[in-house]
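Undergrad: Below you'll find query-v4.txt; it's compact mmCIF, N, CA, C and O atoms.
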```
# COMPACT_ATOMS: atom_id res chain seq x y z
N MET P 1 127.07 -15.22 157.26
CA MET P 1 125.92 -16.10 157.27
C MET P 1 126.03 -17.12 156.13
O MET P 1 125.64 -18.26 156.30
N LYS P 2 126.51 -16.65 154.98
CA LYS P 2 126.65 -17.54 153.83
C LYS P 2 127.67 -18.64 154.13
O LYS P 2 127.46 -19.80 153.77
N ILE P 3 128.74 -18.28 154.80
CA ILE P 3 129.77 -19.26 155.14
C ILE P 3 129.22 -20.27 156.13
O ILE P 3 129.47 -21.48 156.00
N LEU P 4 128.44 -19.81 157.10
CA LEU P 4 127.86 -20.70 158.10
C LEU P 4 126.89 -21.70 157.45
O LEU P 4 126.94 -22.89 157.76
N SER P 5 126.05 -21.23 156.53
CA SER P 5 125.11 -22.14 155.88
C SER P 5 125.84 -23.15 155.00
O SER P 5 125.45 -24.32 154.94
N ARG P 6 126.90 -22.74 154.34
CA ARG P 6 127.69 -23.69 153.53
C ARG P 6 128.42 -24.69 154.41
O ARG P 6 128.56 -25.87 154.04
N LEU P 7 128.89 -24.26 155.56
CA LEU P 7 129.56 -25.16 156.50
C LEU P 7 128.57 -26.21 157.01
O LEU P 7 128.90 -27.41 157.06
N ILE P 8 127.37 -25.79 157.36
CA ILE P 8 126.35 -26.73 157.83
C ILE P 8 125.98 -27.70 156.71
O ILE P 8 125.83 -28.90 156.94
N ALA P 9 125.85 -27.20 155.48
CA ALA P 9 125.53 -28.07 154.34
C ALA P 9 126.64 -29.10 154.11
O ALA P 9 126.36 -30.28 153.83
N ALA P 10 127.89 -28.67 154.23
CA ALA P 10 129.01 -29.60 154.05
C ALA P 10 129.02 -30.67 155.14
O ALA P 10 129.25 -31.86 154.87
N ILE P 11 128.75 -30.28 156.37
CA ILE P 11 128.70 -31.24 157.48
C ILE P 11 127.58 -32.25 157.27
O ILE P 11 127.77 -33.46 157.45
N LEU P 12 126.41 -31.77 156.85
CA LEU P 12 125.30 -32.68 156.58
C LEU P 12 125.61 -33.63 155.43
O LEU P 12 125.28 -34.81 155.48
N PHE P 13 126.26 -33.11 154.40
CA PHE P 13 126.63 -33.97 153.27
C PHE P 13 127.57 -35.08 153.72
O PHE P 13 127.38 -36.24 153.35
N VAL P 14 128.57 -34.74 154.51
CA VAL P 14 129.53 -35.75 154.99
C VAL P 14 128.81 -36.78 155.86
O VAL P 14 129.04 -37.99 155.73
N CYS P 15 127.90 -36.32 156.73
CA CYS P 15 127.16 -37.26 157.59
C CYS P 15 126.31 -38.20 156.74
O CYS P 15 126.30 -39.42 156.98
N PHE P 16 125.58 -37.67 155.77
CA PHE P 16 124.75 -38.52 154.93
C PHE P 16 125.59 -39.45 154.05
O PHE P 16 125.19 -40.58 153.77
N PHE P 17 126.75 -38.98 153.61
CA PHE P 17 127.62 -39.82 152.81
C PHE P 17 128.11 -41.02 153.61
O PHE P 17 128.08 -42.16 153.13
N PHE P 18 128.56 -40.79 154.85
CA PHE P 18 129.01 -41.90 155.67
C PHE P 18 127.84 -42.81 156.07
O PHE P 18 128.01 -44.03 156.20
N PHE P 19 126.66 -42.24 156.25
CA PHE P 19 125.47 -43.05 156.51
C PHE P 19 125.20 -43.99 155.34
O PHE P 19 124.88 -45.16 155.53
N ALA P 20 125.35 -43.46 154.12
CA ALA P 20 125.14 -44.27 152.92
C ALA P 20 126.19 -45.39 152.82
O ALA P 20 125.88 -46.51 152.42
N LEU P 21 127.42 -45.07 153.18
CA LEU P 21 128.48 -46.10 153.13
C LEU P 21 128.24 -47.21 154.14
O LEU P 21 128.59 -48.36 153.90
N ARG P 22 127.66 -46.88 155.28
CA ARG P 22 127.44 -47.86 156.33
C ARG P 22 126.21 -48.72 156.09
O ARG P 22 126.07 -49.77 156.70
N ASN P 23 125.28 -48.28 155.23
CA ASN P 23 124.03 -48.99 155.02
C ASN P 23 123.91 -49.49 153.58
O ASN P 23 123.05 -49.05 152.82
N THR P 24 124.76 -50.43 153.23
CA THR P 24 124.74 -50.97 151.87
C THR P 24 124.07 -52.34 151.81
O THR P 24 124.11 -53.00 150.78
N GLN P 25 123.45 -52.77 152.92
CA GLN P 25 122.78 -54.08 152.92
C GLN P 25 121.64 -54.08 151.91
O GLN P 25 121.03 -53.06 151.63
N GLU P 26 121.33 -55.26 151.42
CA GLU P 26 120.22 -55.43 150.49
C GLU P 26 118.91 -55.51 151.26
O GLU P 26 118.82 -56.16 152.31
N VAL P 27 117.90 -54.85 150.74
CA VAL P 27 116.57 -54.85 151.34
C VAL P 27 115.59 -55.31 150.29
O VAL P 27 115.64 -54.87 149.14
N THR P 28 114.70 -56.20 150.68
CA THR P 28 113.68 -56.68 149.74
C THR P 28 112.35 -56.03 150.07
O THR P 28 111.86 -56.12 151.20
N LEU P 29 111.78 -55.35 149.08
CA LEU P 29 110.46 -54.76 149.23
C LEU P 29 109.45 -55.67 148.58
O LEU P 29 109.62 -56.09 147.44
N HIS P 30 108.40 -55.98 149.31
CA HIS P 30 107.34 -56.85 148.80
C HIS P 30 106.14 -55.98 148.43
O HIS P 30 105.54 -55.34 149.28
N PHE P 31 105.80 -55.98 147.14
CA PHE P 31 104.67 -55.20 146.65
C PHE P 31 103.47 -56.11 146.46
O PHE P 31 103.51 -57.30 146.75
N PHE P 32 102.39 -55.53 145.95
CA PHE P 32 101.18 -56.31 145.69
C PHE P 32 101.41 -57.26 144.53
O PHE P 32 102.31 -57.09 143.71
N LEU P 33 100.56 -58.28 144.46
CA LEU P 33 100.56 -59.27 143.39
C LEU P 33 101.87 -60.06 143.29
O LEU P 33 102.28 -60.47 142.21
N GLY P 34 102.55 -60.21 144.42
CA GLY P 34 103.75 -61.03 144.45
C GLY P 34 104.99 -60.39 143.88
O GLY P 34 106.02 -61.04 143.73
N TYR P 35 104.95 -59.10 143.55
CA TYR P 35 106.11 -58.43 142.98
C TYR P 35 107.08 -58.10 144.10
O TYR P 35 106.71 -57.56 145.14
N GLU P 36 108.36 -58.40 143.89
CA GLU P 36 109.42 -58.11 144.87
C GLU P 36 110.54 -57.36 144.19
O GLU P 36 110.83 -57.57 143.02
N ARG P 37 111.19 -56.51 144.97
CA ARG P 37 112.33 -55.76 144.44
C ARG P 37 113.41 -55.72 145.52
O ARG P 37 113.12 -55.39 146.68
N THR P 38 114.65 -56.01 145.15
CA THR P 38 115.77 -56.00 146.09
C THR P 38 116.73 -54.89 145.68
O THR P 38 117.23 -54.87 144.55
N ASP P 39 116.98 -53.96 146.61
CA ASP P 39 117.87 -52.82 146.38
C ASP P 39 118.66 -52.54 147.65
O ASP P 39 118.29 -52.98 148.75
N PRO P 40 119.76 -51.77 147.53
CA PRO P 40 120.48 -51.35 148.75
C PRO P 40 119.60 -50.46 149.62
O PRO P 40 118.77 -49.69 149.13
N LEU P 41 119.78 -50.58 150.92
CA LEU P 41 118.96 -49.85 151.89
C LEU P 41 119.02 -48.34 151.67
O LEU P 41 118.01 -47.66 151.73
N VAL P 42 120.20 -47.81 151.39
CA VAL P 42 120.34 -46.37 151.26
C VAL P 42 119.56 -45.85 150.04
O VAL P 42 118.98 -44.78 150.09
N LEU P 43 119.50 -46.64 148.97
CA LEU P 43 118.72 -46.21 147.81
C LEU P 43 117.22 -46.23 148.09
O LEU P 43 116.47 -45.36 147.63
N VAL P 44 116.79 -47.22 148.85
CA VAL P 44 115.37 -47.30 149.23
C VAL P 44 115.00 -46.09 150.09
O VAL P 44 113.98 -45.44 149.87
N LEU P 45 115.84 -45.77 151.07
CA LEU P 45 115.57 -44.61 151.93
C LEU P 45 115.58 -43.31 151.13
O LEU P 45 114.71 -42.45 151.32
N LEU P 46 116.54 -43.17 150.24
CA LEU P 46 116.62 -41.97 149.42
C LEU P 46 115.40 -41.83 148.52
O LEU P 46 114.83 -40.74 148.40
N SER P 47 114.97 -42.92 147.92
CA SER P 47 113.81 -42.84 147.03
C SER P 47 112.54 -42.49 147.79
O SER P 47 111.74 -41.67 147.33
N PHE P 48 112.34 -43.04 148.98
CA PHE P 48 111.16 -42.70 149.76
C PHE P 48 111.23 -41.25 150.25
O PHE P 48 110.20 -40.56 150.31
N PHE P 49 112.41 -40.76 150.57
CA PHE P 49 112.55 -39.36 150.97
C PHE P 49 112.20 -38.43 149.81
O PHE P 49 111.47 -37.46 149.99
N VAL P 50 112.70 -38.73 148.62
CA VAL P 50 112.43 -37.89 147.44
C VAL P 50 110.94 -37.90 147.10
O VAL P 50 110.34 -36.86 146.84
N VAL P 51 110.33 -39.08 147.10
CA VAL P 51 108.90 -39.17 146.80
C VAL P 51 108.08 -38.40 147.84
O VAL P 51 107.13 -37.68 147.50
N GLY P 52 108.45 -38.51 149.10
CA GLY P 52 107.76 -37.76 150.16
C GLY P 52 107.90 -36.26 150.00
O GLY P 52 106.94 -35.50 150.19
N ALA P 53 109.09 -35.80 149.62
CA ALA P 53 109.30 -34.36 149.41
C ALA P 53 108.47 -33.86 148.23
O ALA P 53 107.86 -32.79 148.29
N ILE P 54 108.43 -34.64 147.16
CA ILE P 54 107.64 -34.24 145.98
C ILE P 54 106.15 -34.18 146.34
O ILE P 54 105.45 -33.23 145.97
N LEU P 55 105.66 -35.17 147.06
CA LEU P 55 104.25 -35.16 147.46
C LEU P 55 103.94 -33.98 148.39
O LEU P 55 102.87 -33.38 148.30
N GLY P 56 104.86 -33.63 149.25
CA GLY P 56 104.67 -32.48 150.13
C GLY P 56 104.59 -31.17 149.35
O GLY P 56 103.75 -30.31 149.63
N VAL P 57 105.45 -31.02 148.36
CA VAL P 57 105.42 -29.80 147.52
C VAL P 57 104.13 -29.75 146.73
O VAL P 57 103.50 -28.68 146.62
N LEU P 58 103.70 -30.86 146.17
CA LEU P 58 102.45 -30.89 145.41
C LEU P 58 101.25 -30.60 146.30
O LEU P 58 100.28 -29.98 145.86
N ALA P 59 101.28 -31.05 147.54
CA ALA P 59 100.18 -30.77 148.47
C ALA P 59 100.10 -29.29 148.82
O ALA P 59 99.01 -28.77 149.07
N MET P 60 101.24 -28.60 148.85
CA MET P 60 101.25 -27.18 149.19
C MET P 60 100.98 -26.28 148.00
O MET P 60 100.68 -25.10 148.18
N ALA P 61 101.08 -26.78 146.79
CA ALA P 61 100.97 -25.95 145.59
C ALA P 61 99.65 -25.16 145.50
O ALA P 61 99.69 -23.96 145.21
N PRO P 62 98.48 -25.75 145.75
CA PRO P 62 97.25 -24.94 145.65
C PRO P 62 97.23 -23.77 146.62
O PRO P 62 96.80 -22.66 146.27
N MET P 63 97.71 -23.98 147.84
CA MET P 63 97.72 -22.91 148.82
C MET P 63 98.67 -21.79 148.40
O MET P 63 98.35 -20.61 148.51
N VAL P 64 99.84 -22.16 147.89
CA VAL P 64 100.82 -21.16 147.46
C VAL P 64 100.27 -20.35 146.28
O VAL P 64 100.40 -19.12 146.26
N LEU P 65 99.65 -21.03 145.33
CA LEU P 65 99.08 -20.31 144.19
C LEU P 65 97.95 -19.38 144.62
O LEU P 65 97.82 -18.26 144.10
N ARG P 66 97.12 -19.80 145.57
CA ARG P 66 96.05 -18.93 146.07
C ARG P 66 96.63 -17.69 146.74
O ARG P 66 96.16 -16.57 146.51
N HIS P 67 97.68 -17.85 147.53
CA HIS P 67 98.31 -16.70 148.19
C HIS P 67 98.93 -15.75 147.17
O HIS P 67 98.89 -14.53 147.34
N ARG P 68 99.51 -16.29 146.11
CA ARG P 68 100.08 -15.43 145.07
C ARG P 68 99.00 -14.62 144.37
O ARG P 68 99.19 -13.44 144.07
N ARG P 69 97.86 -15.26 144.07
CA ARG P 69 96.76 -14.53 143.44
C ARG P 69 96.26 -13.40 144.34
O ARG P 69 96.01 -12.28 143.89
N GLU P 70 96.10 -13.69 145.63
CA GLU P 70 95.65 -12.66 146.57
C GLU P 70 96.66 -11.53 146.66
O GLU P 70 96.28 -10.36 146.71
N ALA P 71 97.94 -11.86 146.68
CA ALA P 71 98.97 -10.82 146.77
C ALA P 71 98.94 -9.92 145.54
O ALA P 71 99.07 -8.70 145.66
N SER P 72 98.77 -10.51 144.35
CA SER P 72 98.72 -9.67 143.15
C SER P 72 97.47 -8.81 143.15
O SER P 72 97.51 -7.65 142.72
N ARG P 73 96.36 -9.34 143.65
CA ARG P 73 95.13 -8.55 143.74
C ARG P 73 95.32 -7.37 144.70
O ARG P 73 94.90 -6.24 144.42
N TYR P 74 95.96 -7.62 145.83
CA TYR P 74 96.21 -6.55 146.79
C TYR P 74 97.17 -5.51 146.24
O TYR P 74 97.04 -4.31 146.50
N LYS P 75 98.16 -5.93 145.47
CA LYS P 75 99.10 -4.98 144.86
C LYS P 75 98.39 -4.06 143.89
O LYS P 75 98.65 -2.86 143.84
N LYS P 76 97.47 -4.62 143.09
CA LYS P 76 96.70 -3.79 142.15
C LYS P 76 95.83 -2.79 142.89
O LYS P 76 95.75 -1.62 142.51
N ALA P 77 95.17 -3.25 143.94
CA ALA P 77 94.31 -2.35 144.73
C ALA P 77 95.15 -1.26 145.38
O ALA P 77 94.74 -0.09 145.41
N LEU P 78 96.32 -1.60 145.88
CA LEU P 78 97.19 -0.61 146.51
C LEU P 78 97.67 0.41 145.48
O LEU P 78 97.72 1.61 145.78
N ALA P 79 97.99 -0.03 144.28
CA ALA P 79 98.42 0.89 143.23
C ALA P 79 97.30 1.86 142.87
O ALA P 79 97.54 3.06 142.67
N GLN P 80 96.05 1.39 142.83
CA GLN P 80 94.92 2.27 142.54
C GLN P 80 94.73 3.30 143.64
O GLN P 80 94.48 4.47 143.36
N VAL P 81 94.84 2.87 144.89
CA VAL P 81 94.68 3.81 146.02
C VAL P 81 95.79 4.85 146.00
O VAL P 81 95.54 6.05 146.21
N GLN P 82 97.02 4.42 145.73
CA GLN P 82 98.13 5.38 145.68
C GLN P 82 97.96 6.37 144.54
O GLN P 82 98.25 7.55 144.68
N LYS P 83 97.47 5.91 143.41
CA LYS P 83 97.23 6.80 142.27
C LYS P 83 96.15 7.82 142.61
O LYS P 83 96.30 9.01 142.30
N ALA P 84 95.10 7.38 143.28
CA ALA P 84 94.04 8.30 143.68
C ALA P 84 94.56 9.32 144.68
O ALA P 84 94.21 10.51 144.61
N GLN P 85 95.41 8.91 145.60
CA GLN P 85 95.98 9.84 146.58
C GLN P 85 96.88 10.85 145.90
O GLN P 85 96.89 12.03 146.26
N GLU P 86 97.66 10.42 144.91
CA GLU P 86 98.53 11.35 144.19
C GLU P 86 97.70 12.38 143.42
O GLU P 86 98.03 13.57 143.41
N GLU P 87 96.62 11.94 142.79
CA GLU P 87 95.75 12.87 142.06
C GLU P 87 95.11 13.86 143.02
O GLU P 87 95.01 15.06 142.71
N LEU P 88 94.69 13.40 144.18
CA LEU P 88 94.09 14.30 145.18
C LEU P 88 95.12 15.30 145.69
O LEU P 88 94.81 16.48 145.85
N ALA P 89 96.34 14.85 145.92
CA ALA P 89 97.40 15.76 146.39
C ALA P 89 97.72 16.80 145.33
O ALA P 89 97.95 17.97 145.65
N GLN P 90 97.72 16.42 144.06
CA GLN P 90 97.98 17.38 142.98
C GLN P 90 96.85 18.39 142.89
O GLN P 90 97.08 19.58 142.70
N ALA P 91 95.63 17.93 143.04
CA ALA P 91 94.48 18.84 142.95
C ALA P 91 94.48 19.83 144.10
O ALA P 91 94.12 21.00 143.92
N GLN P 92 94.91 19.41 145.28
CA GLN P 92 94.93 20.30 146.43
C GLN P 92 96.11 21.26 146.36
O GLN P 92 96.05 22.36 146.92
N ALA P 93 97.17 20.89 145.68
CA ALA P 93 98.35 21.75 145.61
C ALA P 93 98.16 22.90 144.63
O ALA P 93 98.79 23.95 144.78
N GLN P 94 97.31 22.77 143.66
CA GLN P 94 97.10 23.83 142.68
C GLN P 94 96.11 24.86 143.23
O GLN P 94 95.13 24.51 143.86
N PRO P 95 96.37 26.13 142.96
CA PRO P 95 95.42 27.16 143.40
C PRO P 95 94.13 27.04 142.58
O PRO P 95 94.14 26.56 141.45
N PRO P 96 93.03 27.48 143.15
CA PRO P 96 91.77 27.39 142.42
C PRO P 96 91.80 28.29 141.19
O PRO P 96 92.31 29.39 141.21
N GLN P 97 91.24 27.81 140.11
CA GLN P 97 91.20 28.56 138.85
C GLN P 97 89.84 29.24 138.73
O GLN P 97 88.81 28.67 139.07
N PRO P 98 89.84 30.45 138.22
CA PRO P 98 88.54 31.14 138.04
C PRO P 98 87.77 30.48 136.90
O PRO P 98 88.34 29.87 136.00
N ASP P 99 86.45 30.63 136.98
CA ASP P 99 85.61 30.05 135.93
C ASP P 99 85.82 30.75 134.60
O ASP P 99 85.91 30.11 133.57
N SER P 100 85.84 32.05 134.65
CA SER P 100 86.09 32.81 133.42
C SER P 100 86.78 34.11 133.78
O SER P 100 86.70 34.58 134.91
N ILE P 101 87.42 34.65 132.83
CA ILE P 101 88.15 35.90 133.06
C ILE P 101 87.38 37.03 132.37
O ILE P 101 87.09 36.96 131.17
N ILE P 102 87.02 38.03 133.15
CA ILE P 102 86.28 39.18 132.62
C ILE P 102 87.27 40.34 132.51
O ILE P 102 87.88 40.72 133.50
N THR P 103 87.39 40.86 131.35
CA THR P 103 88.28 42.01 131.18
C THR P 103 87.41 43.27 131.13
O THR P 103 86.39 43.33 130.45
N ALA P 104 87.77 44.21 131.89
CA ALA P 104 87.02 45.48 131.93
C ALA P 104 87.74 46.50 131.08
O ALA P 104 88.93 46.73 131.23
N GLN P 105 86.99 47.13 130.21
CA GLN P 105 87.56 48.19 129.37
C GLN P 105 87.07 49.52 129.93
O GLN P 105 85.88 49.69 130.20
N HIS P 106 87.97 50.36 130.12
CA HIS P 106 87.61 51.69 130.64
C HIS P 106 87.16 52.59 129.49
O HIS P 106 87.84 52.72 128.50
N VAL P 107 86.04 53.13 129.68
CA VAL P 107 85.51 54.04 128.67
C VAL P 107 85.75 55.46 129.18
O VAL P 107 85.27 55.85 130.24
N LEU P 108 86.39 56.30 128.42
CA LEU P 108 86.66 57.67 128.83
C LEU P 108 85.92 58.65 128.01
O LEU P 108 85.60 58.73 126.96
```
Would you mind writing the file's structure down as structure tokens?

TA:
Amino acid sequence: MKILSRLIAAILFVCFFFFALRNTQEVTLHFFLGYERTDPLVLVLLSFFVVGAILGVLAMAPMVLRHRREASRYKKALAQVQKAQEELAQAQAQPPQPDSIITAQHVL
């Protein structure tokens, strides 16, 4: 499986590399207030992809953190239940102890 994933990664890298070589034309981006920037097309595409990926990760962060908090809370509750079950099993495994021991002395 590791070899297959590395092979797929290598194929994707080669495809993206040749895509970058084929798209070296200059692209002009027009921003607000008359600001313009001219860069190669592949760099513009790469920068928008990276910014989109970062924004996607940031959008998912609150949900991931909430799930982690819930998971840790459930782990603590499970540990308490298991501890209570172990104590109950120990208590049931021991024979009942008498309240007090009365020794009888024989008088002759």

Undergrad: In the coordinates of the file, take the point (113.6, -55.9, 148.2) and a cut-off of 8 Å; then, counting all atoms listed in the file, name each qualifying protein, DNA or RNA residue as a VMD selection string.

TA: chain P and resid 26 to 31 35 to 40

Undergrad: By how many Å are atom C of Leu12 of chain P and atom CA of Leu58 of chain P apart?

TA: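 Value for the atom C of Leu12 of chain P-atom CA of Leu58 of chain P distance: 25.4 Å.
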
Undergrad: Quote the spacing between atom O of Ala61 of chain P and atom O of Lys75 of chain P in Å to one decimal place.

TA: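 Rounded to one decimal, the two atoms are 21.2 Å apart.
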
Undergrad: Considering only strand (DSSP E) as DSSP defines it on the backbone, what residues of segment 27-97 of chain P qualify? List them as a ChimeraX atom specification.

TA: /P:27-30,36-40

Undergrad: Give me, please, the distance in Å between atom C of Phe16 of chain P and atom O of Val42 of chain P, quoted to one decimal.

TA: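 Between these atoms lies a distance of 9.4 Å.
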